[in-house]
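Peer 1: Input model.json, format and content: JSON, C-alpha atoms.
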```json
[["chain", "number", "residue", "atom", "x", "y", "z"],
["A", 25, "MET", "CA", 43.29, 45.04, -8.93],
["A", 26, "GLY", "CA", 43.85, 41.43, -8.06],
["A", 27, "ARG", "CA", 41.36, 38.64, -7.87],
["A", 28, "GLY", "CA", 38.35, 39.01, -5.64],
["A", 29, "HIS", "CA", 34.94, 37.59, -4.95],
["A", 30, "ASP", "CA", 31.55, 39.14, -4.46],
["A", 31, "HIS", "CA", 31.88, 39.24, -0.67],
["A", 32, "GLU", "CA", 30.94, 42.62, 0.63],
["A", 33, "PRO", "CA", 31.10, 43.35, 4.34],
["A", 34, "GLY", "CA", 28.51, 41.25, 6.11],
["A", 35, "GLN", "CA", 27.52, 39.48, 2.87],
["A", 36, "HIS", "CA", 28.44, 36.32, 1.00],
["A", 37, "GLY", "CA", 28.28, 37.25, -2.63],
["A", 38, "HIS", "CA", 24.50, 37.44, -2.91],
["A", 39, "SER", "CA", 22.08, 40.30, -2.95],
["A", 40, "HIS", "CA", 20.02, 38.56, -0.26],
["A", 41, "GLY", "CA", 22.44, 38.96, 2.63],
["A", 42, "PRO", "CA", 24.45, 36.43, 4.61],
["A", 43, "ALA", "CA", 22.20, 33.40, 4.25],
["A", 44, "LEU", "CA", 20.39, 31.59, 1.49],
["A", 45, "THR", "CA", 16.77, 32.61, 1.96],
["A", 46, "LYS", "CA", 13.41, 31.69, 0.45],
["A", 47, "ASP", "CA", 12.16, 34.32, -1.98],
["A", 48, "THR", "CA", 8.50, 33.55, -1.35],
["A", 49, "PRO", "CA", 7.09, 35.13, 1.85],
["A", 50, "PRO", "CA", 6.18, 32.54, 4.53],
["A", 51, "GLU", "CA", 2.50, 33.52, 4.57],
["A", 52, "GLU", "CA", 2.28, 33.05, 0.80],
["A", 53, "ARG", "CA", 3.89, 29.63, 1.13],
["A", 54, "ARG", "CA", 1.42, 28.65, 3.84],
["A", 55, "SER", "CA", -1.44, 29.87, 1.66],
["A", 56, "LYS", "CA", -0.32, 27.67, -1.22],
["A", 57, "GLU", "CA", 0.13, 24.73, 1.14],
["A", 58, "ARG", "CA", -3.39, 25.16, 2.52],
["A", 59, "ALA", "CA", -4.83, 25.35, -0.99],
["A", 60, "ILE", "CA", -3.15, 22.07, -1.92],
["A", 61, "ALA", "CA", -4.45, 20.40, 1.26],
["A", 62, "ILE", "CA", -8.03, 21.56, 0.67],
["A", 63, "ALA", "CA", -7.95, 20.38, -2.95],
["A", 64, "ALA", "CA", -6.58, 16.98, -1.84],
["A", 65, "VAL", "CA", -9.40, 16.50, 0.69],
["A", 66, "LEU", "CA", -12.07, 17.50, -1.84],
["A", 67, "THR", "CA", -10.64, 15.26, -4.56],
["A", 68, "GLY", "CA", -10.07, 12.24, -2.34],
["A", 69, "GLY", "CA", -13.45, 12.59, -0.69],
["A", 70, "PHE", "CA", -15.43, 12.45, -3.96],
["A", 71, "MET", "CA", -13.25, 9.86, -5.68],
["A", 72, "GLY", "CA", -15.01, 6.91, -4.02],
["A", 73, "ALA", "CA", -18.43, 8.16, -5.16],
["A", 74, "GLU", "CA", -17.22, 8.32, -8.76],
["A", 75, "VAL", "CA", -15.79, 4.80, -8.63],
["A", 76, "VAL", "CA", -19.10, 3.39, -7.36],
["A", 77, "GLY", "CA", -21.10, 5.50, -9.81],
["A", 78, "GLY", "CA", -18.91, 4.48, -12.75],
["A", 79, "LEU", "CA", -19.12, 0.76, -11.92],
["A", 80, "VAL", "CA", -22.89, 0.79, -11.39],
["A", 81, "SER", "CA", -23.71, 2.97, -14.41],
["A", 82, "GLY", "CA", -21.12, 1.34, -16.69],
["A", 83, "SER", "CA", -19.72, 4.73, -17.72],
["A", 84, "LEU", "CA", -16.11, 4.88, -18.93],
["A", 85, "ALA", "CA", -16.19, 8.67, -18.61],
["A", 86, "LEU", "CA", -16.94, 8.36, -14.90],
["A", 87, "LEU", "CA", -14.40, 5.57, -14.36],
["A", 88, "ALA", "CA", -11.79, 7.54, -16.30],
["A", 89, "ASP", "CA", -12.52, 10.60, -14.19],
["A", 90, "ALA", "CA", -12.37, 8.49, -11.00],
["A", 91, "GLY", "CA", -9.01, 7.05, -12.06],
["A", 92, "HIS", "CA", -7.83, 10.54, -12.81],
["A", 93, "MET", "CA", -9.03, 11.68, -9.38],
["A", 94, "LEU", "CA", -7.15, 8.82, -7.73],
["A", 95, "THR", "CA", -3.92, 9.91, -9.36],
["A", 96, "ASP", "CA", -4.80, 13.52, -8.64],
["A", 97, "PHE", "CA", -5.25, 12.73, -4.98],
["A", 98, "ALA", "CA", -1.81, 11.09, -4.86],
["A", 99, "SER", "CA", -0.32, 14.00, -6.82],
["A", 100, "LEU", "CA", -1.91, 16.59, -4.53],
["A", 101, "VAL", "CA", -0.56, 14.77, -1.49],
["A", 102, "LEU", "CA", 2.87, 14.74, -3.15],
["A", 103, "ALA", "CA", 2.59, 18.46, -3.85],
["A", 104, "TRP", "CA", 1.58, 19.10, -0.25],
["A", 105, "LEU", "CA", 4.57, 17.09, 0.98],
["A", 106, "ALA", "CA", 6.79, 19.17, -1.29],
["A", 107, "PHE", "CA", 5.70, 22.33, 0.52],
["A", 108, "ARG", "CA", 6.22, 20.69, 3.90],
["A", 109, "LEU", "CA", 9.73, 19.58, 2.92],
["A", 110, "ALA", "CA", 10.53, 23.04, 1.59],
["A", 111, "ARG", "CA", 10.12, 24.38, 5.13],
["A", 112, "ARG", "CA", 13.25, 22.57, 6.20],
["A", 113, "PRO", "CA", 16.24, 24.89, 6.41],
["A", 114, "ALA", "CA", 19.29, 24.56, 4.21],
["A", 115, "ASP", "CA", 22.24, 22.66, 5.68],
["A", 116, "TRP", "CA", 25.79, 21.75, 4.71],
["A", 117, "LYS", "CA", 24.57, 18.78, 2.67],
["A", 118, "ARG", "CA", 21.68, 20.53, 0.88],
["A", 119, "THR", "CA", 22.75, 24.16, 0.65],
["A", 120, "TYR", "CA", 19.58, 25.18, -1.21],
["A", 121, "GLY", "CA", 17.29, 23.26, 1.11],
["A", 122, "PHE", "CA", 14.41, 21.18, -0.28],
["A", 123, "ASP", "CA", 12.76, 23.77, -2.56],
["A", 124, "ARG", "CA", 13.68, 21.82, -5.70],
["A", 125, "PHE", "CA", 11.51, 18.91, -4.48],
["A", 126, "SER", "CA", 8.44, 20.91, -5.52],
["A", 127, "VAL", "CA", 9.76, 21.08, -9.11],
["A", 128, "LEU", "CA", 10.41, 17.34, -9.05],
["A", 129, "ALA", "CA", 6.84, 16.81, -7.81],
["A", 130, "ALA", "CA", 5.53, 18.90, -10.70],
["A", 131, "PHE", "CA", 7.58, 16.83, -13.19],
["A", 132, "VAL", "CA", 6.25, 13.55, -11.74],
["A", 133, "ASN", "CA", 2.70, 14.92, -11.84],
["A", 134, "GLY", "CA", 3.11, 15.79, -15.51],
["A", 135, "LEU", "CA", 4.29, 12.26, -16.29],
["A", 136, "ALA", "CA", 1.33, 10.88, -14.36],
["A", 137, "LEU", "CA", -1.02, 12.91, -16.54],
["A", 138, "PHE", "CA", 0.50, 11.29, -19.64],
["A", 139, "ALA", "CA", -0.09, 7.84, -18.14],
["A", 140, "ILE", "CA", -3.72, 8.71, -17.32],
["A", 141, "ALA", "CA", -4.37, 10.01, -20.83],
["A", 142, "ALA", "CA", -2.91, 6.82, -22.33],
["A", 143, "TRP", "CA", -5.09, 4.61, -20.11],
["A", 144, "ILE", "CA", -8.24, 6.57, -21.01],
["A", 145, "SER", "CA", -7.47, 6.27, -24.74],
["A", 146, "VAL", "CA", -6.91, 2.50, -24.58],
["A", 147, "GLU", "CA", -10.12, 1.97, -22.61],
["A", 148, "ALA", "CA", -12.05, 4.18, -25.02],
["A", 149, "LEU", "CA", -10.91, 2.14, -28.05],
["A", 150, "GLN", "CA", -12.01, -1.06, -26.34],
["A", 151, "ARG", "CA", -15.42, 0.47, -25.57],
["A", 152, "LEU", "CA", -15.86, 1.59, -29.18],
["A", 153, "ARG", "CA", -15.13, -1.94, -30.40],
["A", 154, "ASP", "CA", -17.36, -3.53, -27.80],
["A", 155, "PRO", "CA", -20.08, -1.06, -26.66],
["A", 156, "SER", "CA", -21.73, -1.71, -23.31],
["A", 157, "GLU", "CA", -24.86, -0.43, -21.60],
["A", 158, "VAL", "CA", -24.54, 2.88, -19.76],
["A", 159, "LEU", "CA", -27.07, 4.15, -17.18],
["A", 160, "GLY", "CA", -27.33, 7.77, -18.24],
["A", 161, "GLY", "CA", -29.41, 8.99, -15.29],
["A", 162, "LEU", "CA", -27.05, 7.77, -12.57],
["A", 163, "MET", "CA", -24.08, 8.87, -14.62],
["A", 164, "LEU", "CA", -25.54, 12.40, -14.86],
["A", 165, "TRP", "CA", -26.02, 12.88, -11.11],
["A", 166, "VAL", "CA", -22.57, 11.59, -10.22],
["A", 167, "ALA", "CA", -20.97, 13.73, -12.92],
["A", 168, "VAL", "CA", -22.77, 16.87, -11.68],
["A", 169, "GLY", "CA", -21.49, 16.21, -8.16],
["A", 170, "GLY", "CA", -17.96, 15.71, -9.51],
["A", 171, "LEU", "CA", -18.16, 18.93, -11.48],
["A", 172, "ALA", "CA", -19.16, 20.89, -8.37],
["A", 173, "VAL", "CA", -16.33, 19.41, -6.31],
["A", 174, "ASN", "CA", -13.76, 20.03, -9.05],
["A", 175, "ILE", "CA", -14.88, 23.63, -9.61],
["A", 176, "LEU", "CA", -14.44, 24.30, -5.90],
["A", 177, "ALA", "CA", -10.99, 22.62, -5.81],
["A", 178, "PHE", "CA", -9.85, 24.45, -8.95],
["A", 179, "TRP", "CA", -11.03, 27.79, -7.55],
["A", 180, "VAL", "CA", -9.05, 27.19, -4.35],
["A", 181, "LEU", "CA", -5.89, 26.30, -6.29],
["A", 182, "SER", "CA", -6.17, 29.04, -8.92],
["A", 183, "ARG", "CA", -6.30, 31.69, -6.19],
["A", 184, "ALA", "CA", -2.99, 30.44, -4.80],
["A", 185, "GLU", "CA", -1.24, 29.50, -8.05],
["A", 186, "GLY", "CA", 0.91, 32.51, -8.93],
["A", 187, "ASP", "CA", 4.20, 31.38, -10.51],
["A", 188, "ASN", "CA", 4.55, 28.17, -8.49],
["A", 189, "LEU", "CA", 4.96, 25.15, -10.79],
["A", 190, "ASN", "CA", 3.94, 22.74, -8.05],
["A", 191, "VAL", "CA", 0.58, 24.44, -7.50],
["A", 192, "ARG", "CA", 0.17, 24.91, -11.24],
["A", 193, "ALA", "CA", 0.64, 21.18, -11.86],
["A", 194, "ALA", "CA", -1.89, 20.40, -9.15],
["A", 195, "ALA", "CA", -4.36, 22.88, -10.68],
["A", 196, "LEU", "CA", -3.92, 21.23, -14.07],
["A", 197, "HIS", "CA", -4.73, 17.86, -12.54],
["A", 198, "VAL", "CA", -7.93, 19.28, -11.09],
["A", 199, "MET", "CA", -8.71, 21.02, -14.40],
["A", 200, "GLY", "CA", -8.42, 17.61, -16.07],
["A", 201, "ASP", "CA", -10.93, 16.28, -13.52],
["A", 202, "LEU", "CA", -13.21, 19.23, -14.15],
["A", 203, "LEU", "CA", -13.15, 18.63, -17.90],
["A", 204, "GLY", "CA", -13.74, 14.94, -17.29],
["A", 205, "SER", "CA", -16.83, 15.68, -15.19],
["A", 206, "PHE", "CA", -18.12, 18.10, -17.83],
["A", 207, "ALA", "CA", -17.59, 15.48, -20.55],
["A", 208, "ALA", "CA", -19.43, 12.92, -18.43],
["A", 209, "ILE", "CA", -22.38, 15.31, -18.07],
["A", 210, "VAL", "CA", -22.56, 15.88, -21.83],
["A", 211, "ALA", "CA", -22.22, 12.15, -22.51],
["A", 212, "SER", "CA", -24.92, 11.28, -20.00],
["A", 213, "LEU", "CA", -27.35, 13.79, -21.53],
["A", 214, "VAL", "CA", -26.69, 12.42, -25.03],
["A", 215, "ILE", "CA", -27.27, 8.87, -23.76],
["A", 216, "ILE", "CA", -30.47, 9.87, -21.96],
["A", 217, "TRP", "CA", -31.87, 11.70, -24.99],
["A", 218, "THR", "CA", -30.66, 9.43, -27.82],
["A", 219, "GLY", "CA", -29.35, 6.19, -26.30],
["A", 220, "TRP", "CA", -26.12, 6.57, -28.32],
["A", 221, "THR", "CA", -23.47, 5.12, -25.95],
["A", 222, "PRO", "CA", -20.33, 5.67, -28.12],
["A", 223, "ILE", "CA", -20.42, 9.33, -27.04],
["A", 224, "ASP", "CA", -19.06, 8.17, -23.66],
["A", 225, "PRO", "CA", -15.65, 6.89, -24.89],
["A", 226, "ILE", "CA", -15.42, 9.56, -27.61],
["A", 227, "LEU", "CA", -15.64, 12.43, -25.13],
["A", 228, "SER", "CA", -13.26, 10.58, -22.83],
["A", 229, "VAL", "CA", -10.60, 10.67, -25.60],
["A", 230, "LEU", "CA", -11.18, 14.40, -26.17],
["A", 231, "VAL", "CA", -10.60, 15.04, -22.47],
["A", 232, "ALA", "CA", -7.42, 12.91, -22.63],
["A", 233, "LEU", "CA", -6.08, 15.09, -25.47],
["A", 234, "LEU", "CA", -6.71, 18.25, -23.45],
["A", 235, "ILE", "CA", -4.94, 16.68, -20.48],
["A", 236, "LEU", "CA", -1.92, 15.85, -22.67],
["A", 237, "ARG", "CA", -1.54, 19.44, -23.81],
["A", 238, "SER", "CA", -1.48, 20.73, -20.24],
["A", 239, "ALA", "CA", 0.79, 17.90, -19.09],
["A", 240, "TRP", "CA", 3.38, 18.68, -21.74],
["A", 241, "ALA", "CA", 3.58, 22.32, -20.62],
["A", 242, "VAL", "CA", 4.27, 21.26, -17.01],
["A", 243, "ILE", "CA", 6.85, 18.63, -18.04],
["A", 244, "ARG", "CA", 8.63, 21.09, -20.35],
["A", 245, "GLU", "CA", 8.91, 23.83, -17.74],
["A", 246, "SER", "CA", 9.79, 21.63, -14.78],
["A", 247, "GLY", "CA", 12.27, 19.67, -16.91],
["A", 248, "HIS", "CA", 13.90, 22.94, -17.98],
["A", 249, "ILE", "CA", 14.44, 23.87, -14.33],
["A", 250, "LEU", "CA", 15.74, 20.40, -13.41],
["A", 251, "LEU", "CA", 18.23, 20.67, -16.31],
["A", 252, "GLU", "CA", 19.45, 24.03, -14.90],
["A", 253, "GLY", "CA", 18.09, 25.98, -17.87],
["A", 254, "ALA", "CA", 18.17, 29.76, -17.82],
["A", 255, "PRO", "CA", 15.10, 31.48, -16.33],
["A", 256, "PRO", "CA", 12.56, 32.90, -18.82],
["A", 257, "GLY", "CA", 13.72, 36.21, -20.27],
["A", 258, "PHE", "CA", 17.35, 35.76, -19.21],
["A", 259, "ASP", "CA", 19.80, 35.74, -22.12],
["A", 260, "ALA", "CA", 23.43, 35.46, -20.98],
["A", 261, "ARG", "CA", 24.70, 37.06, -24.19],
["A", 262, "THR", "CA", 22.41, 40.06, -23.84],
["A", 263, "VAL", "CA", 23.23, 40.52, -20.16],
["A", 264, "ALA", "CA", 26.99, 40.43, -20.80],
["A", 265, "ALA", "CA", 26.79, 42.87, -23.72],
["A", 266, "ASP", "CA", 24.58, 45.25, -21.74],
["A", 267, "LEU", "CA", 26.93, 45.31, -18.74],
["A", 268, "GLU", "CA", 29.98, 45.95, -20.94],
["A", 269, "ALA", "CA", 28.24, 48.79, -22.77],
["A", 270, "ALA", "CA", 26.40, 50.43, -19.88],
["A", 271, "LEU", "CA", 28.79, 50.34, -16.91],
["A", 272, "PRO", "CA", 32.06, 52.22, -16.60],
["A", 273, "GLY", "CA", 34.80, 50.10, -15.09],
["A", 274, "VAL", "CA", 33.60, 46.90, -16.79],
["A", 275, "ALA", "CA", 36.01, 45.73, -19.46],
["A", 276, "ARG", "CA", 34.56, 42.29, -20.10],
["A", 277, "VAL", "CA", 31.86, 40.00, -18.71],
["A", 278, "GLN", "CA", 32.19, 36.24, -19.07],
["A", 279, "HIS", "CA", 31.20, 32.91, -17.49],
["A", 280, "VAL", "CA", 27.59, 34.05, -17.15],
["A", 281, "HIS", "CA", 25.41, 31.26, -15.74],
["A", 282, "ALA", "CA", 21.76, 31.47, -14.74],
["A", 283, "TRP", "CA", 19.37, 28.84, -13.36],
["A", 284, "SER", "CA", 16.40, 28.45, -11.04],
["A", 285, "ILE", "CA", 15.96, 26.52, -7.82],
["A", 286, "THR", "CA", 12.22, 26.93, -8.37],
["A", 287, "GLN", "CA", 10.30, 29.27, -10.65],
["A", 288, "GLU", "CA", 10.32, 31.83, -7.84],
["A", 289, "ARG", "CA", 14.06, 31.51, -7.09],
["A", 290, "PRO", "CA", 16.14, 32.43, -10.17],
["A", 291, "MET", "CA", 19.88, 32.91, -9.66],
["A", 292, "ALA", "CA", 22.91, 33.95, -11.68],
["A", 293, "THR", "CA", 26.69, 34.03, -11.44],
["A", 294, "LEU", "CA", 29.11, 35.94, -13.63],
["A", 295, "GLU", "CA", 32.71, 37.09, -13.83],
["A", 296, "VAL", "CA", 33.64, 40.73, -14.46],
["A", 297, "GLU", "CA", 37.02, 41.91, -15.69],
["A", 298, "LEU", "CA", 37.75, 45.49, -14.62],
["A", 299, "THR", "CA", 39.19, 48.35, -16.60],
["A", 300, "ALA", "CA", 42.40, 49.86, -15.25],
["A", 301, "GLY", "CA", 41.84, 51.87, -12.07],
["A", 302, "ALA", "CA", 38.25, 50.73, -11.50],
["A", 303, "ASP", "CA", 37.11, 50.06, -7.92],
["A", 304, "ALA", "CA", 36.04, 46.46, -7.44],
["A", 305, "ASP", "CA", 33.36, 47.14, -4.81],
["A", 306, "ASP", "CA", 31.77, 49.95, -6.81],
["A", 307, "VAL", "CA", 31.67, 47.85, -9.98],
["A", 308, "ARG", "CA", 30.28, 44.87, -8.10],
["A", 309, "ARG", "CA", 27.40, 46.89, -6.70],
["A", 310, "ALA", "CA", 26.74, 48.51, -10.07],
["A", 311, "VAL", "CA", 26.61, 45.11, -11.80],
["A", 312, "LYS", "CA", 24.12, 43.76, -9.28],
["A", 313, "ASP", "CA", 21.90, 46.80, -9.63],
["A", 314, "ARG", "CA", 22.04, 46.68, -13.42],
["A", 315, "VAL", "CA", 21.18, 42.98, -13.62],
["A", 316, "ARG", "CA", 18.31, 43.48, -11.19],
["A", 317, "GLU", "CA", 17.06, 46.43, -13.26],
["A", 318, "THR", "CA", 17.23, 44.68, -16.65],
["A", 319, "THR", "CA", 16.18, 41.14, -15.71],
["A", 320, "GLY", "CA", 14.41, 41.46, -12.37],
["A", 321, "MET", "CA", 16.82, 38.93, -10.87],
["A", 322, "ALA", "CA", 17.74, 39.80, -7.29],
["A", 323, "HIS", "CA", 20.08, 36.91, -6.45],
["A", 324, "VAL", "CA", 23.34, 37.49, -8.37],
["A", 325, "THR", "CA", 26.86, 36.38, -7.47],
["A", 326, "VAL", "CA", 29.62, 38.52, -9.03],
["A", 327, "GLU", "CA", 33.28, 37.54, -9.17],
["A", 328, "VAL", "CA", 35.64, 40.44, -9.95],
["A", 329, "VAL", "CA", 39.06, 39.99, -11.54],
["A", 330, "GLY", "CA", 41.72, 42.59, -12.25],
["A", 331, "SER", "CA", 42.25, 44.29, -15.59],
["A", 332, "ALA", "CA", 44.03, 42.44, -18.34],
["A", 333, "ASP", "CA", 46.95, 44.85, -18.25],
["A", 334, "GLY", "CA", 47.34, 44.52, -14.48]]
```
Translate this structure into structure tokens?
Peer 2:
Amino acid sequence: MGRGHDHEPGQHGHSHGPALTKDTPPEERRSKERAIAIAAVLTGGFMGAEVVGGLVSGSLALLADAGHMLTDFASLVLAWLAFRLARRPADWKRTYGFDRFSVLAAFVNGLALFAIAAWISVEALQRLRDPSEVLGGLMLWVAVGGLAVNILAFWVLSRAEGDNLNVRAAALHVMGDLLGSFAAIVASLVIIWTGWTPIDPILSVLVALLILRSAWAVIRESGHILLEGAPPGFDARTVAADLEAALPGVARVQHVHAWSITQERPMATLEVELTAGADADDVRRAVKDRVRETTGMAHVTVEVVGSADG
């Protein structure tokens, strides 16, 4: 059959047509961008109140939550910038555009969560060794305000999250804030009722552990994408075996590679060796349809080579 590439008339080897396109609809992208912006304004706006409240009341839980909110604000702004950059079209230098920046932002946000959790833990140990006075009443009112703001921000982000790692990382940051505010409320009530101040750093450490669990999930998934790992549910061995068994005209499938630009943009390439007499265009279309049917992946590049016996 001779050597050929997956270039059908009017196409360039992809099931999306002649140009590299964004898989997420523009309105959905704008919705996610707006959600990030709203969450950033809410978080940044209340952060100053928590800093003042934490310093005046002497509460580590409030200061830890304020520090978390500061990093969250920076992370939310970074996530928002990632969406803005992703609007830029692909060019000869960056053929996939700037979509991958959102994954990088998610990875950086995950690392930031680790740093925050470490800082909270160190401060908590120092407070346990050297307890200080905490004004439970002031701490309670500031924490209640923080909880309300964080619930609103988390609600906005959770509605827009979907499968986007960038929004998910931002939502986890806000969830960490929400848990921090809740812990501060519990600690303030314990201090008001019993005067036992060690509850403040103890609950701060518990919140830090919850943050670490969420942070690791974001780092693992974003790191997997940055390392060009296969999308979830895509097994190259299974795909190759299925194509060889299910499609007439396919003698062998090899060089199967799959990766993701973002969670919403999985892609794959593969090479198909034809049986004698098989039509390259028919096989190419059948392979695309089969991969889409079995894996849900719409963007597949297929290279067709002639049969082994010529």
Peer 1: Pick out the residues sitting within 8 Å of A:Val198, and hand them over as a list in words; count all atoms listed in the file, and ignore anything fewer than 5 positions along from it in its own chain.
Peer 2: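 So, after excluding close chain neighbours, the residues are Met93, Asp96, Asn174, Ala177 and Phe178 of chain A.
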Peer 1: Counting all atoms listed in the file, find residues at most 10 Å from (-6.6, 16.3, -2.0) (file frame) and give them as a VMD selection string.
Peer 2: chain A and resid 59 to 71 93 to 94 96 to 104 177 194 198
Peer 1: Between A:Asn133, A:Ser83, A:Ser205, A:Ser228, which residue has the minimum interatomic distance to A:Gly161, considering only C-alpha atoms?
Peer 2: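 The answer is A:Ser83, which sits nearest to A:Gly161.
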Peer 1: Counting all atoms listed in the file, which residue out of A:Pro113, A:Thr299, A:Lys56, A:Pro225 sits closest to A:Ser182?
Peer 2: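 Checking each of A:Pro113, A:Thr299, A:Lys56, A:Pro225 against A:Ser182, counting all atoms listed in the file, the winner is A:Lys56.
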Peer 1: Of the residues A:Val280, A:Ile144, A:Val80, A:Leu251, which is the one nearest to A:Thr293, using all atoms listed in the file?
Peer 2: A:Val280
Peer 1: Tell me which protein, DNA and RNA residues are within 12 Å of A:Ser284, counting only C-alpha atoms, leaving out same-chain ones fewer than 6 positions away, and put them as a list in words.
Peer 2: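 In the requested format, the answer is Asp47, Tyr120, Asp123, Arg124, Val127, Leu189, Glu245, Ser246, Gly247, His248, Ile249, Leu250, Leu251, Glu252, Gly253, Ala254, Pro255, Pro256, Phe258, Pro290, Met291, Ala292, Thr293, Met321, His323 and Val324 of chain A.
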Peer 1: Would you mind telling me which residue in A:Ala106, A:Ala142, A:Leu87, A:Leu294 lies nearest to A:Leu236 when using all atoms listed in the file?
Peer 2: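 Once distances to A:Leu236 are computed over all atoms listed in the file, the minimum belongs to A:Ala142.
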Peer 1: Atom CA of A:Thr262 to atom CA of A:Ala310: how many Å, to one decimal?
Peer 2: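 Taking atom CA of A:Thr262 and atom CA of A:Ala310, their separation equals 16.7 Å.
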Peer 1: Need the shell around A:Arg276: protein/DNA/RNA residues with any atom at most 8 Å away, counting all atoms listed in the file. Skip same-chain ones fewer than 2 positions apart. Format as a PDB file with C-alpha atoms, in the coordinates of the input?
Peer 2:
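out32.pdb was written with the following content:
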```
ATOM      1  CA  ALA A 264      26.990  40.430 -20.800  1.00  0.00           C
ATOM      2  CA  GLU A 268      29.980  45.950 -20.940  1.00  0.00           C
ATOM      3  CA  VAL A 274      33.600  46.900 -16.790  1.00  0.00           C
ATOM      4  CA  GLN A 278      32.190  36.240 -19.070  1.00  0.00           C
ATOM      5  CA  VAL A 296      33.640  40.730 -14.460  1.00  0.00           C
ATOM      6  CA  GLU A 297      37.020  41.910 -15.690  1.00  0.00           C
ATOM      7  CA  LEU A 298      37.750  45.490 -14.620  1.00  0.00           C
TER       8      LEU A 298
END
```
Peer 1: Which residues are close to A:Val146, i.e. within 12 Å by all atoms listed in the file, leaving aside same-chain residues fewer than 6 positions away? Reply as a list of chain:residue names.
Peer 2: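 Those residues are A:Leu84, A:Ala88, A:Ala139, A:Ile140, A:Leu152, A:Arg153, A:Pro225, A:Ile226, A:Ser228, A:Val229, A:Ala232.
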Peer 1: Excluding A:Met163 and residues on its chain fewer than 2 positions from it, collect all residues at most 8 Å away from it, counting all atoms listed in the file, and give them as a list in words.
Peer 2: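 Those residues are Gly77, Gly78, Ser81, Ser83, Leu86, Val158, Leu159, Gly160, Gly161, Trp165, Val166, Ala167, Ala208, Ile209 and Ser212 of chain A.
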Peer 1: Point out the residue among A:Arg183, A:Arg289, A:Arg151, A:Arg111 with the least atom-to-atom distance to A:Gly320, counting only C-alpha atoms.
Peer 2: A:Arg289
Peer 1: What are the centre and the three edge lengths of an axis-aligned box that wraps all atoms of stretch 140-146 of chain A in the file, given that 6 Å is added to every side, written as JSON and rounded to one decimal in Å?
Peer 2:
```
{"center_x": -5.6, "center_y": 6.3, "center_z": -21.0, "size_x": 17.3, "size_y": 19.5, "size_z": 19.4}
```
Peer 1: State, in Å with one decimal place, the distance from atom CA of A:Leu181 to atom CA of A:Trp143.
Peer 2: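 These atoms are spaced 25.7 Å apart.
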Peer 1: How many Å lie between atom CA of A:Trp116 and atom CA of A:Leu128, rounded to one decimal?
Peer 2: 21.1 Å
